[in-house]
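As structure tokens, the structure follows; a few thoughts come after it.
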Amino acid sequence: MNSIKHIIFRGDQTAYAQRDGKFPYIDHAAEAGATGVHIWFWAAPFRAVAKEFIAYCHDRKIGVHLGIGIGAYAVCDKQDPLDPAVMVKIKDHIQRTLDEFDIAGVEYQTGEYDRIEFKGETVKALTHAQQVCEHLNPFIDYIMKLKPSLWLRTELNAKFYPDDQIQQVAELMDKRCTVEWSRFTGPYRGLDCFDKGRSLLARSDAFSWFLKIMYNSATHWKEIVKETTPDQWRLWIEHWRGWLKLLDEFNRTTLTVCNVDKEYSDKALPMPAAAVALARNPAVPTEELMKRYFAG
């Protein structure tokens with residue numbers, strides 16, 4: 001039996017784009033069978049529709065998972081999270097957010113993806129992994145005491161962590177926080193990708209991953225599907241199936257899927273729905289998926 005229980009779509013700004021009283025991204029996520037959506041709340045356009053958006057998600061049984069910066073992403077940007085005064089500000093932000101919004105999970109981010117890490121200096125010589133763990137652990141403990149039912153996680157960019165530092169994360173990060181590794185696979189080509197994935201999952205029960213199935217932006221990493229031919233779809237299905245089988249092998253229960261496009265029409269895209277179908281059942285035949293999602 002497949003072990004995955006929570007399949008979260010990360011939608012970015014597209015998730016709360018509203019049209020004719022609807023949020024198409026949420027309708028697509030619900031139709032595909034996702035259990036939640038992850039977005040960032042700090043952007044002004046979201047604040048204008050926040051209450052309506054969350055109610056819309058709840059009506060469709062979609063949990064809302066919030067990205068919160070730790071010394072980054074409009075939460076004490078470039079400040080040291082361990083400075084007592086800064087720590088108070090971040091904790092206040094977390095508390096106010098939980099009081100205002102009914103959310104199902106939180107993803108903490110230090111800003112390493114966009115190179116806007118805090119600039120606080122420390123007297124200790126720390127690796128990047130040690131520094132990230134040191135800065136996140138107090139806030140992991142804080143939010144777990146406030147609301148232990150939340151699914152708490154952080155996304156780490158594996159290209160910043162040599163092998164010994166991945167082990168440091170396994171040893172030092174609070175185990176109540178899922179570590180979602182991304183950019184560890186190269187271009188999704190070759191068996192070495194699956195070897196790397198298996199090695200990561202074997203390090204810690206808290207390790208999982210954050211997989212991009214599409215991200216139409218000139219500045220972001222691309223998925224392997226460059227053409228929409230039947231052969232390319234079949235290739236993508238087999239790669240995706242491999243990742244899901246690994247998660248199942250290691251009894252992981254969660255998966256975040258980065259599914260960001262320029263815009264979402266009333267017609268759902270086939271790739272996200274096929275990704276969820278495989279997450280629910282990695283053994284579903286390729287030709288059944290092709291017929292169900294990619295025919296015509």
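Scheme for the structure tokens: letters A, B, ... for chains in order shown; per-chain residue numbers from 1; ligand numbers from 1 in order shown.
Using only C-alpha atoms, the protein and nucleic acid residues lying no more than 10 Å from range 175-179 of chain A, apart from those fewer than 3 places from it along its own chain, are Val106, Glu107, Tyr108, Leu136, Asn137, Ile140, Asp141, Met144, Pro148, Trp151, Leu152, Arg153, Thr154, Glu155, Leu156, Val169, Ala170, Glu171, Leu172, Ser182, Ser204, Asp205, Ala206, Phe207, Ser208, Trp209, Phe210 and Thr254 of chain A.
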Problem set entry | Polymer residues at most 10 Å from Ala274 in chain A, only C-alpha atoms, same-chain spacing of 2 or more positions, as a PyMOL selection string | chain A and resi 32-33+237+240+269-272+276-280+289-290+292-294
For this session: Might you pull out every residue within 8 Å of range 24-29 of chain A, with only C-alpha atoms counted and same-chain residues fewer than 4 positions away left off, and present them as JSON, numbers by chain?
Result: {"A": [9, 11, 14, 15, 16, 17, 18, 19, 33, 34, 35, 36, 37, 57, 60, 62, 264, 265, 266, 268, 269, 272, 273]}
Seminar exercise, completed: If you count only C-alpha atoms, the residue of A:Leu246, A:Leu201, A:Val64, A:Met173 closest to Asp102 in chain A turns out to be A:Val64
For this session: Assign secondary structure with DSSP using the backbone only, and return the residues of range 24-237 of chain A in strand (DSSP E or B) as a VMD selection string.
Result: chain A and resid 36 to 40 63 to 69 72 75 105 to 109 151 to 157 178 to 182 207 to 215
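Of the residues under consideration (A:Lys212, A:Phe250, A:Ala85, A:Arg241), A:Phe250 shows the shortest atom-to-atom contact distance to Arg198 in chain A when counting only C-alpha atoms.
You can rank A:Leu255, A:Ala48, A:Ala55, A:Val86 by their closest distance to Ile4 in chain A using only C-alpha atoms, and at the top of that list sits A:Leu255.
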For this session: Enumerate the residues of range 9-131 of chain A with a DSSP assignment of alpha helix (DSSP H), computed from the backbone, and present them as a ChimeraX atom specification.
Result: /A:24-32,44-59,84-100,128-131
